[in-house]
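To be precise, the following lines are coords_31.pdb, and they hold PDB, C-alpha atoms.
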```pdb
ATOM      1  CA  MET A   1     -19.637 -16.221 -30.112
ATOM      2  CA  ARG A   2     -20.160 -13.338 -27.677
ATOM      3  CA  ARG A   3     -19.082 -13.716 -24.088
ATOM      4  CA  PRO A   4     -21.818 -12.789 -21.623
ATOM      5  CA  LEU A   5     -21.171  -9.847 -19.312
ATOM      6  CA  MET A   6     -19.622 -10.806 -16.022
ATOM      7  CA  PHE A   7     -22.203 -10.020 -13.372
ATOM      8  CA  PHE A   8     -21.292  -7.978 -10.339
ATOM      9  CA  LYS A   9     -23.015  -5.629  -7.924
ATOM     10  CA  LEU A  10     -21.838  -2.269  -6.595
ATOM     11  CA  GLN A  11     -23.573  -0.646  -3.655
ATOM     12  CA  PRO A  12     -22.982   1.873  -0.865
ATOM     13  CA  GLY A  13     -19.890   1.051   1.137
ATOM     14  CA  ASP A  14     -18.282  -0.928  -1.691
ATOM     15  CA  THR A  15     -14.492  -0.904  -1.372
ATOM     16  CA  ARG A  16     -13.587  -1.591  -5.015
ATOM     17  CA  TYR A  17     -12.655   2.072  -5.524
ATOM     18  CA  SER A  18     -11.210   1.746  -9.026
ATOM     19  CA  LEU A  19     -14.337  -0.014 -10.295
ATOM     20  CA  VAL A  20     -16.599   2.515  -8.562
ATOM     21  CA  THR A  21     -14.551   5.336 -10.128
ATOM     22  CA  VAL A  22     -15.020   3.877 -13.626
ATOM     23  CA  LEU A  23     -18.771   3.538 -13.013
ATOM     24  CA  GLN A  24     -18.921   7.142 -11.811
ATOM     25  CA  CYS A  25     -17.012   8.382 -14.883
ATOM     26  CA  VAL A  26     -19.402   6.580 -17.234
ATOM     27  CA  LEU A  27     -22.437   7.900 -15.337
ATOM     28  CA  VAL A  28     -21.070  11.449 -15.652
ATOM     29  CA  ALA A  29     -20.283  10.987 -19.363
ATOM     30  CA  ALA A  30     -23.860   9.762 -19.897
ATOM     31  CA  ASN A  31     -25.259  12.812 -18.037
ATOM     32  CA  PHE A  32     -26.601  10.883 -15.042
ATOM     33  CA  GLY A  33     -24.545  12.906 -12.569
ATOM     34  CA  PRO A  34     -22.209  15.897 -12.217
ATOM     35  CA  PRO A  35     -18.397  15.513 -12.291
ATOM     36  CA  LYS A  36     -18.224  16.013  -8.518
ATOM     37  CA  ILE A  37     -19.609  12.470  -8.005
ATOM     38  CA  ILE A  38     -16.270  11.009  -9.147
ATOM     39  CA  THR A  39     -14.772  10.168  -5.763
ATOM     40  CA  GLY A  40     -14.162   6.421  -5.878
ATOM     41  CA  GLU A  41     -16.653   5.962  -3.061
ATOM     42  CA  TYR A  42     -20.130   4.563  -3.619
ATOM     43  CA  ASP A  43     -21.955   7.299  -1.743
ATOM     44  CA  LYS A  44     -25.317   9.117  -1.869
ATOM     45  CA  ALA A  45     -24.378  11.047  -5.009
ATOM     46  CA  THR A  46     -23.499   7.797  -6.796
ATOM     47  CA  MET A  47     -26.755   6.209  -5.631
ATOM     48  CA  THR A  48     -28.650   9.199  -7.039
ATOM     49  CA  ALA A  49     -26.891   8.891 -10.405
ATOM     50  CA  VAL A  50     -27.588   5.141 -10.522
ATOM     51  CA  ARG A  51     -31.264   5.803  -9.677
ATOM     52  CA  LYS A  52     -31.447   8.254 -12.606
ATOM     53  CA  LEU A  53     -29.991   5.555 -14.866
ATOM     54  CA  GLN A  54     -32.479   3.001 -13.538
ATOM     55  CA  LEU A  55     -35.407   5.370 -14.100
ATOM     56  CA  LYS A  56     -34.232   5.998 -17.676
ATOM     57  CA  LEU A  57     -34.081   2.222 -18.185
ATOM     58  CA  GLY A  58     -37.547   1.706 -16.704
ATOM     59  CA  ILE A  59     -36.308  -0.497 -13.865
ATOM     60  CA  THR A  60     -36.855  -0.148 -10.130
ATOM     61  CA  PRO A  61     -34.690   2.765  -8.906
ATOM     62  CA  THR A  62     -32.856   1.120  -5.998
ATOM     63  CA  GLY A  63     -29.587   3.030  -6.381
ATOM     64  CA  VAL A  64     -27.701  -0.278  -6.379
ATOM     65  CA  TYR A  65     -25.719  -0.990  -9.540
ATOM     66  CA  ASP A  66     -26.871  -4.539 -10.227
ATOM     67  CA  GLN A  67     -27.107  -6.844 -13.240
ATOM     68  CA  GLU A  68     -30.108  -5.019 -14.732
ATOM     69  CA  ALA A  69     -28.384  -1.652 -14.434
ATOM     70  CA  GLN A  70     -25.149  -3.088 -15.822
ATOM     71  CA  GLN A  71     -26.869  -4.552 -18.879
ATOM     72  CA  GLY A  72     -28.964  -1.409 -19.343
ATOM     73  CA  LEU A  73     -25.963   0.931 -19.205
ATOM     74  CA  LYS A  74     -24.165  -1.220 -21.776
ATOM     75  CA  ALA A  75     -27.207  -1.184 -24.066
ATOM     76  CA  LEU A  76     -27.755   2.555 -23.587
ATOM     77  CA  CYS A  77     -24.162   3.766 -23.884
ATOM     78  CA  GLY A  78     -22.338   0.846 -25.485
ATOM     79  CA  VAL A  79     -19.886   0.799 -22.587
ATOM     80  CA  ASP A  80     -18.909  -2.270 -20.607
ATOM     81  CA  ILE A  81     -17.396  -0.760 -17.457
ATOM     82  CA  LEU A  82     -15.507  -3.987 -16.728
ATOM     83  CA  LYS A  83     -13.644  -3.815 -20.045
ATOM     84  CA  LEU A  84     -13.044  -0.108 -19.540
ATOM     85  CA  HIS A  85     -11.697  -0.776 -16.043
ATOM     86  CA  ASN A  86      -9.411  -3.563 -17.279
ATOM     87  CA  ALA A  87      -8.055  -1.372 -20.084
ATOM     88  CA  PHE A  88      -7.517   1.665 -17.876
ATOM     89  CA  TYR A  89      -6.075  -0.005 -14.779
ATOM     90  CA  GLY A  90      -4.449  -3.058 -16.361
ATOM     91  CA  VAL A  91      -5.993  -5.252 -13.674
ATOM     92  CA  SER A  92      -8.854  -7.578 -14.433
ATOM     93  CA  VAL A  93     -11.980  -7.040 -12.386
ATOM     94  CA  GLU A  94     -12.238 -10.797 -12.018
ATOM     95  CA  SER A  95      -8.961 -10.954 -10.070
ATOM     96  CA  MET A  96      -9.797  -7.766  -8.183
ATOM     97  CA  THR A  97     -13.191  -9.149  -7.213
ATOM     98  CA  LEU A  98     -11.597 -12.378  -5.975
ATOM     99  CA  ALA A  99      -9.116 -10.363  -3.898
ATOM    100  CA  HIS A 100     -12.005  -8.244  -2.615
ATOM    101  CA  VAL A 101     -13.953 -11.315  -1.507
ATOM    102  CA  GLN A 102     -10.871 -12.764   0.194
ATOM    103  CA  ALA A 103     -10.211  -9.456   2.002
ATOM    104  CA  ARG A 104     -13.811  -9.314   3.243
ATOM    105  CA  LYS A 105     -13.569 -12.877   4.571
ATOM    106  CA  LYS A 106     -10.333 -11.982   6.353
ATOM    107  CA  GLU A 107     -11.992  -8.888   7.888
ATOM    108  CA  GLU A 108     -14.936 -10.970   9.089
ATOM    109  CA  LYS A 109     -12.585 -13.444  10.790
ATOM    110  CA  THR A 110     -10.677 -10.704  12.621
ATOM    111  CA  GLN A 111     -13.739  -8.789  13.823
ATOM    112  CA  PRO A 112     -15.199  -9.868  17.176
ATOM    113  CA  SER A 113     -18.499 -11.715  16.987
ATOM    114  CA  ALA A 114     -21.653  -9.750  17.865
ATOM    115  CA  ARG A 115     -22.918 -12.578  20.071
TER     116      ARG A 115
END
```
Whole structure, structure tokens version:
Amino acid sequence: MRRPLMFFKLQPGDTRYSLVTVLQCVLVAANFGPPKIITGEYDKATMTAVRKLQLKLGITPTGVYDQEAQQGLKALCGVDILKLHNAFYGVSVESMTLAHVQARKKEEKTQPSAR
């Protein structure tokens, strides 16, 4: 029985640099962007590459790497960037994502309220 893909979203300002780097490498390998987009930061160049992917897939080109883009990239290239990340970095995205969520919550608590 096949395990479904773990869903996640990457967007501008995302701080999961290793996961963003893997996404950027796959986008470059699939000719959706030039090598200079590999920075680890989800910036304008990454958004442009993701939009190109989304256009190729026939989905709305938002520039946000969401579930549709994730499934489409896997179908198009046969690459699951989560598995690639886990193999390359030796750290599961699941644990990294949990740590990321916890860090964001901690940041929110320490930042003064905008009230």
Best match for closeness to Leu19 of chain A among A:Met47, A:Ala75, A:Ala69, A:Leu84, counting only C-alpha atoms: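 The closest residue to Leu19 of chain A is A:Leu84.
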Nearest to Cys77 of chain A by atom-to-atom distance, counting all atoms listed in the file, from A:Ile38, A:Cys25, A:Val50, A:Ala30: A:Ala30
Selection result of the PyMOL selection byres ((chain A and resi 8) around 7) on this file, as a list in words: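 Evaluating the PyMOL selection byres ((chain A and resi 8) around 7) on this file yields Met6, Phe7, Lys9, Leu10, Asp66 and Gln67 of chain A.
Proximity of A:Val20, A:Val79, A:Leu57, A:Leu27 to Thr39 of chain A, computed with all atoms listed in the file, is greatest for A:Val20.
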Separation of atom CA of Phe32 of chain A from atom CA of Arg51 of chain A, in Å and rounded to one decimal: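 Pair atom CA of Phe32 of chain A / atom CA of Arg51 of chain A returns 8.7 Å.
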Selected residue of minimal separation from Ile37 of chain A among A:Ile81, A:Phe88, A:Gly13, A:Ala49, counting only C-alpha atoms: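 Closest to Ile37 of chain A of all the choices is A:Ala49.
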One-decimal distance in Å that lies between atom CA of Thr62 of chain A and atom CA of Asn86 of chain A: 26.4 Å
Kindly provide, as JSON, the centre and edge lengths (Å, one decimal) of an axis-aligned box around all atoms of segment 7-22 of chain A given in the file, with 6 Å on each side.
```
{"center_x": -17.4, "center_y": -2.3, "center_z": -6.2, "size_x": 24.4, "size_y": 27.4, "size_z": 26.8}
```
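If all atoms listed in the file are the atoms counted, then among A:Tyr65, A:Tyr89, A:Asp80, A:Leu73 the closest residue to Asp43 of chain A is A:Tyr65.
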Straight-line distance linking atom CA of Thr15 of chain A with atom CA of Pro61 of chain A, stated in Å to one decimal: 21.9 Å
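With only C-alpha atoms as the basis for measurement, A:Leu82 is the residue among A:Leu55, A:Ala45, A:Gly63, A:Leu82 that approaches Leu23 of chain A most closely.
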